[in-house]
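Below is one structure, written out as structure tokens, with a few remarks after it.
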Amino acid sequence: MLANFLEKSKPINFIVYFGLFFCFFIITVFSNLLTDSFTWLKAMENVSFLGLFLIIFFFYSFIVSKNKLTFDHSYSFFVFILTSILFIPKLLEFKTLITLIIYLLFLRKIYSLRSPKKMIQKLFDSGFWLGVLIILEPFTLVFFILIYASILLRKKVSFHTILTPIIGFISPLIIYFSYLFWYDYNEEFKQLFAFNNINNVFIYRKDTTLWIFGAVLLLTIISVFLKSPKVLSVNNSFKKSWIILIINSIIAVVFALIITEKNGSEIVYLLIPASIIIANGFEVIEKMIVKNSISALLLIGTILTYFLL
């Protein structure tokens, strides 16, 4: 049964999941070819996109396994792959995929704070990657909250831990400003911090994004209520990671709502912590028949949504 396969965390699982993603990626590419004429440049571009997706999946899997954000199973990767399939058409841009990779590099440092080793270096790196991220997408500034929430939860508050992320954050911005100043493009730097226009969330009604967003959010909330009593009753490192996951999800929702240029791809910022939380929700369910039913519904729902909506 499907749940028996998901209960394992082996290389074959991830090969199967990526194979599933690859099938839908090819379908999307061929669908685009029906409207665009074939060129070798376009073919190489699609190969590059697939390579970037591989990097995204690698970093995602690394964050989950290295920081022990779930038990030894593959539910989180399964959920992340399914939700990513629904956003393939919206993610086929170099800037979007590069931004997601940098976001994962940022999260990698945030969740690695569970270990006290090289704390200052990790905080500098988290600020640095967030600085790079803001150059590409200014509204990601809201994720600055996640850095200091992690510091507070890990009880590592000191002058050095407060100041280090700020130094890391301004480092890429100084380099970027110097580059723009040299070429007299100062106005572009000012635009990074121009948060005047915030579109309405209901722009998502133009397609199925709002429904996917709502479904993911609902499953995340249910999983939080299922898992939290068990997690919060024990004082261990995962308890802090769990709270950070919840804060990460809340910030990602805020980001998706306030971002100016909405195209649906920003929902993936939520999918990363949400898929981990949903996977933890699966851990609470004891009956395999229930796990099988939910897993099958998610798979079937993804396929139907992709083809019918």
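Residue names in the structure tokens use chain letters A, B, ... in the order shown, residue numbers from 1 in each chain, and ligand numbers from 1 in the order shown.
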Region 136-197 of chain A residues near region 238-262 of chain A within 10 Å, closest pair each, using only C-alpha atoms, as JSON lines:
```
{"residue": "A:Glu137", "atom": "CA", "partner": "A:Ile259", "partner_atom": "CA", "distance": 8.9}
{"residue": "A:Pro138", "atom": "CA", "partner": "A:Ile259", "partner_atom": "CA", "distance": 8.8}
{"residue": "A:Phe139", "atom": "CA", "partner": "A:Ile259", "partner_atom": "CA", "distance": 6.0}
{"residue": "A:Thr140", "atom": "CA", "partner": "A:Phe255", "partner_atom": "CA", "distance": 6.8}
{"residue": "A:Leu141", "atom": "CA", "partner": "A:Phe255", "partner_atom": "CA", "distance": 8.9}
{"residue": "A:Val142", "atom": "CA", "partner": "A:Ile251", "partner_atom": "CA", "distance": 6.8}
{"residue": "A:Phe143", "atom": "CA", "partner": "A:Ile251", "partner_atom": "CA", "distance": 6.5}
{"residue": "A:Phe144", "atom": "CA", "partner": "A:Ile251", "partner_atom": "CA", "distance": 9.5}
{"residue": "A:Ile145", "atom": "CA", "partner": "A:Ile251", "partner_atom": "CA", "distance": 8.1}
{"residue": "A:Leu146", "atom": "CA", "partner": "A:Asn248", "partner_atom": "CA", "distance": 6.5}
{"residue": "A:Ile147", "atom": "CA", "partner": "A:Ile244", "partner_atom": "CA", "distance": 9.5}
{"residue": "A:Ala149", "atom": "CA", "partner": "A:Ile244", "partner_atom": "CA", "distance": 7.4}
{"residue": "A:Ser150", "atom": "CA", "partner": "A:Ile244", "partner_atom": "CA", "distance": 6.5}
{"residue": "A:Leu152", "atom": "CA", "partner": "A:Lys240", "partner_atom": "CA", "distance": 9.9}
{"residue": "A:Leu153", "atom": "CA", "partner": "A:Lys240", "partner_atom": "CA", "distance": 6.2}
{"residue": "A:Arg154", "atom": "CA", "partner": "A:Lys240", "partner_atom": "CA", "distance": 7.1}
{"residue": "A:Phe195", "atom": "CA", "partner": "A:Thr260", "partner_atom": "CA", "distance": 8.4}
{"residue": "A:Asn196", "atom": "CA", "partner": "A:Thr260", "partner_atom": "CA", "distance": 9.1}
{"residue": "A:Asn197", "atom": "CA", "partner": "A:Thr260", "partner_atom": "CA", "distance": 6.2}
```
Could the residues in this selection be written to a file with N, CA, C and O atoms, as a PDB file, in the first residue's frame?
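Written output follows (part00.pdb):
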```pdb
ATOM      1  N   GLU A 137      13.916  39.618  -4.157  1.00  0.00           N
ATOM      2  CA  GLU A 137      12.508  39.795  -3.802  1.00  0.00           C
ATOM      3  C   GLU A 137      12.421  40.583  -2.487  1.00  0.00           C
ATOM      4  O   GLU A 137      12.526  39.997  -1.401  1.00  0.00           O
ATOM      5  N   PRO A 138      12.252  41.900  -2.556  1.00  0.00           N
ATOM      6  CA  PRO A 138      12.292  42.763  -1.366  1.00  0.00           C
ATOM      7  C   PRO A 138      11.332  42.374  -0.243  1.00  0.00           C
ATOM      8  O   PRO A 138      11.649  42.564   0.935  1.00  0.00           O
ATOM      9  N   PHE A 139      10.168  41.829  -0.582  1.00  0.00           N
ATOM     10  CA  PHE A 139       9.178  41.525   0.450  1.00  0.00           C
ATOM     11  C   PHE A 139       9.597  40.370   1.359  1.00  0.00           C
ATOM     12  O   PHE A 139       8.957  40.126   2.381  1.00  0.00           O
ATOM     13  N   THR A 140      10.668  39.657   0.998  1.00  0.00           N
ATOM     14  CA  THR A 140      11.178  38.602   1.882  1.00  0.00           C
ATOM     15  C   THR A 140      11.801  39.180   3.145  1.00  0.00           C
ATOM     16  O   THR A 140      12.228  38.432   4.026  1.00  0.00           O
ATOM     17  N   LEU A 141      11.831  40.497   3.254  1.00  0.00           N
ATOM     18  CA  LEU A 141      12.318  41.155   4.472  1.00  0.00           C
ATOM     19  C   LEU A 141      11.556  40.669   5.704  1.00  0.00           C
ATOM     20  O   LEU A 141      12.104  40.647   6.813  1.00  0.00           O
ATOM     21  N   VAL A 142      10.306  40.242   5.524  1.00  0.00           N
ATOM     22  CA  VAL A 142       9.502  39.779   6.672  1.00  0.00           C
ATOM     23  C   VAL A 142      10.116  38.543   7.335  1.00  0.00           C
ATOM     24  O   VAL A 142       9.854  38.275   8.509  1.00  0.00           O
ATOM     25  N   PHE A 143      10.961  37.811   6.600  1.00  0.00           N
ATOM     26  CA  PHE A 143      11.578  36.619   7.177  1.00  0.00           C
ATOM     27  C   PHE A 143      12.690  36.953   8.167  1.00  0.00           C
ATOM     28  O   PHE A 143      13.237  36.048   8.806  1.00  0.00           O
ATOM     29  N   PHE A 144      12.999  38.237   8.300  1.00  0.00           N
ATOM     30  CA  PHE A 144      13.974  38.657   9.312  1.00  0.00           C
ATOM     31  C   PHE A 144      13.472  38.269  10.699  1.00  0.00           C
ATOM     32  O   PHE A 144      14.250  37.961  11.608  1.00  0.00           O
ATOM     33  N   ILE A 145      12.155  38.280  10.863  1.00  0.00           N
ATOM     34  CA  ILE A 145      11.535  37.888  12.139  1.00  0.00           C
ATOM     35  C   ILE A 145      11.958  36.474  12.518  1.00  0.00           C
ATOM     36  O   ILE A 145      12.169  36.165  13.706  1.00  0.00           O
ATOM     37  N   LEU A 146      12.074  35.604  11.523  1.00  0.00           N
ATOM     38  CA  LEU A 146      12.396  34.199  11.774  1.00  0.00           C
ATOM     39  C   LEU A 146      13.777  34.039  12.402  1.00  0.00           C
ATOM     40  O   LEU A 146      13.984  33.154  13.243  1.00  0.00           O
ATOM     41  N   ILE A 147      14.712  34.883  12.021  1.00  0.00           N
ATOM     42  CA  ILE A 147      16.067  34.802  12.586  1.00  0.00           C
ATOM     43  C   ILE A 147      16.034  35.066  14.084  1.00  0.00           C
ATOM     44  O   ILE A 147      16.566  34.279  14.884  1.00  0.00           O
ATOM     45  N   ALA A 149      13.406  35.123  16.084  1.00  0.00           N
ATOM     46  CA  ALA A 149      12.551  34.154  16.782  1.00  0.00           C
ATOM     47  C   ALA A 149      13.370  32.904  17.117  1.00  0.00           C
ATOM     48  O   ALA A 149      13.239  32.339  18.211  1.00  0.00           O
ATOM     49  N   SER A 150      14.222  32.493  16.188  1.00  0.00           N
ATOM     50  CA  SER A 150      15.085  31.325  16.410  1.00  0.00           C
ATOM     51  C   SER A 150      16.087  31.589  17.522  1.00  0.00           C
ATOM     52  O   SER A 150      16.358  30.716  18.363  1.00  0.00           O
ATOM     53  N   LEU A 152      15.745  33.662  20.045  1.00  0.00           N
ATOM     54  CA  LEU A 152      15.021  33.677  21.319  1.00  0.00           C
ATOM     55  C   LEU A 152      14.655  32.269  21.777  1.00  0.00           C
ATOM     56  O   LEU A 152      14.814  31.916  22.952  1.00  0.00           O
ATOM     57  N   LEU A 153      14.173  31.462  20.842  1.00  0.00           N
ATOM     58  CA  LEU A 153      13.765  30.100  21.193  1.00  0.00           C
ATOM     59  C   LEU A 153      14.948  29.233  21.605  1.00  0.00           C
ATOM     60  O   LEU A 153      14.831  28.374  22.482  1.00  0.00           O
ATOM     61  N   ARG A 154      16.078  29.458  20.955  1.00  0.00           N
ATOM     62  CA  ARG A 154      17.288  28.684  21.289  1.00  0.00           C
ATOM     63  C   ARG A 154      18.000  29.242  22.520  1.00  0.00           C
ATOM     64  O   ARG A 154      19.020  28.694  22.946  1.00  0.00           O
ATOM     65  N   PHE A 195       7.804  49.833  -0.245  1.00  0.00           N
ATOM     66  CA  PHE A 195       6.715  48.885   0.001  1.00  0.00           C
ATOM     67  C   PHE A 195       5.360  49.597  -0.010  1.00  0.00           C
ATOM     68  O   PHE A 195       4.531  49.417   0.877  1.00  0.00           O
ATOM     69  N   ASN A 196       5.154  50.424  -1.008  1.00  0.00           N
ATOM     70  CA  ASN A 196       3.941  51.244  -1.055  1.00  0.00           C
ATOM     71  C   ASN A 196       2.726  50.485  -1.567  1.00  0.00           C
ATOM     72  O   ASN A 196       1.609  50.671  -1.101  1.00  0.00           O
ATOM     73  N   ASN A 197       2.948  49.599  -2.554  1.00  0.00           N
ATOM     74  CA  ASN A 197       1.822  48.921  -3.212  1.00  0.00           C
ATOM     75  C   ASN A 197       1.713  47.474  -2.761  1.00  0.00           C
ATOM     76  O   ASN A 197       2.624  46.683  -2.962  1.00  0.00           O
TER      77      ASN A 197
END
```
Between CA of Leu192 (chain A) and CA of Phe159 (chain A) lies a distance of 27.7 Å
Quiz prompt | Separation of CA of Ile26 (chain A) from CA of Ile88 (chain A), in Å and rounded to one decimal | solution =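 Straight-line distance from CA of Ile26 (chain A) to CA of Ile88 (chain A) works out to 10.2 Å.
The gap separating CA of Leu226 (chain A) from CA of Phe106 (chain A) is 27.8 Å, in Å to one decimal.
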| task | Write out as a VMD selection string the residues lying within 9 Å of Ser112 (chain A), counting only C-alpha atoms and excluding same-chain residues fewer than 3 positions away. | result | chain A and resid 63 66 to 67 107 to 109 115 to 116 119 122
Would you put the residues from that selection into a file with all heavy atoms, as a compact mmCIF listing (two decimals), in the first residue's frame?
```
# COMPACT_ATOMS: atom_id res chain seq x y z
N ILE A 63 17.59 19.64 4.51
CA ILE A 63 17.11 20.38 5.68
C ILE A 63 16.29 19.49 6.59
O ILE A 63 16.46 19.48 7.82
CB ILE A 63 16.28 21.61 5.23
CG1 ILE A 63 17.19 22.65 4.58
CG2 ILE A 63 15.54 22.23 6.41
CD1 ILE A 63 16.43 23.77 3.88
N LYS A 66 18.75 16.37 7.93
CA LYS A 66 19.88 16.82 8.75
C LYS A 66 19.43 17.38 10.09
O LYS A 66 20.08 17.18 11.12
CB LYS A 66 20.67 17.89 7.98
CG LYS A 66 21.93 18.39 8.69
CD LYS A 66 23.01 17.33 8.71
CE LYS A 66 24.30 17.88 9.30
NZ LYS A 66 25.36 16.85 9.34
N ASN A 67 18.30 18.08 10.09
CA ASN A 67 17.82 18.72 11.31
C ASN A 67 16.73 17.92 12.02
O ASN A 67 16.11 18.41 12.96
CB ASN A 67 17.32 20.13 10.99
CG ASN A 67 18.42 21.00 10.43
OD1 ASN A 67 19.38 21.33 11.12
ND2 ASN A 67 18.30 21.37 9.17
N LEU A 107 16.88 29.00 5.07
CA LEU A 107 16.22 28.11 6.03
C LEU A 107 17.17 27.05 6.57
O LEU A 107 17.06 26.65 7.74
CB LEU A 107 15.01 27.43 5.37
CG LEU A 107 13.82 28.32 5.02
CD1 LEU A 107 12.69 27.47 4.45
CD2 LEU A 107 13.33 29.11 6.23
N ARG A 108 18.09 26.62 5.73
CA ARG A 108 19.08 25.62 6.17
C ARG A 108 19.85 26.15 7.38
O ARG A 108 20.11 25.40 8.34
CB ARG A 108 20.03 25.31 5.02
CG ARG A 108 21.17 24.38 5.37
CD ARG A 108 21.96 24.01 4.13
NE ARG A 108 23.17 23.26 4.49
CZ ARG A 108 24.38 23.79 4.61
NH1 ARG A 108 24.55 25.08 4.37
NH2 ARG A 108 25.42 23.04 4.95
N LYS A 109 20.22 27.41 7.37
CA LYS A 109 20.95 27.99 8.48
C LYS A 109 20.05 28.20 9.70
O LYS A 109 20.48 28.01 10.84
CB LYS A 109 21.58 29.32 8.06
CG LYS A 109 22.66 29.17 7.00
CD LYS A 109 23.81 28.29 7.50
CE LYS A 109 24.86 28.06 6.44
NZ LYS A 109 25.95 27.18 6.91
N SER A 115 21.73 22.97 16.66
CA SER A 115 23.04 22.58 17.17
C SER A 115 23.81 23.84 17.57
O SER A 115 23.84 24.82 16.81
CB SER A 115 23.82 21.82 16.09
OG SER A 115 25.17 21.65 16.48
N PRO A 116 24.44 23.86 18.74
CA PRO A 116 25.17 25.05 19.20
C PRO A 116 26.50 25.28 18.47
O PRO A 116 27.13 26.32 18.67
CB PRO A 116 25.41 24.77 20.68
CG PRO A 116 25.45 23.27 20.78
CD PRO A 116 24.47 22.77 19.75
N MET A 119 27.61 28.77 16.03
CA MET A 119 26.39 29.57 16.14
C MET A 119 26.53 30.93 15.44
O MET A 119 25.65 31.33 14.66
CB MET A 119 26.03 29.77 17.62
CG MET A 119 24.78 30.59 17.87
SD MET A 119 23.26 29.76 17.33
CE MET A 119 23.22 28.36 18.48
N LYS A 122 26.59 30.60 11.65
CA LYS A 122 25.26 30.29 11.13
C LYS A 122 24.37 31.53 11.10
O LYS A 122 23.62 31.75 10.14
CB LYS A 122 24.59 29.20 11.97
CG LYS A 122 25.24 27.83 11.85
CD LYS A 122 24.60 26.86 12.82
CE LYS A 122 25.29 25.51 12.78
NZ LYS A 122 24.75 24.58 13.82
```
Give the answer as one residue: which of A:Thr208, A:Ser74, A:Leu33, A:Ile135 has the shortest atom-to-atom distance to Asn4 (chain A), using only C-alpha atoms?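 Answer, going by the shortest atom-to-atom distance: A:Ser74.
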Run DSSP on the backbone and give me the residues of region 156-248 of chain A it puts in alpha helix (DSSP H), as a VMD selection string.
chain A and resid 159 to 182 186 to 191 209 to 232 237 to 248
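For Ile278 (chain A), the residues within 7 Å (counting only C-alpha atoms, excluding itself and residues fewer than 4 positions away along the chain) are Leu219, Thr220, Ser223, Ala274 and Phe282 of chain A.
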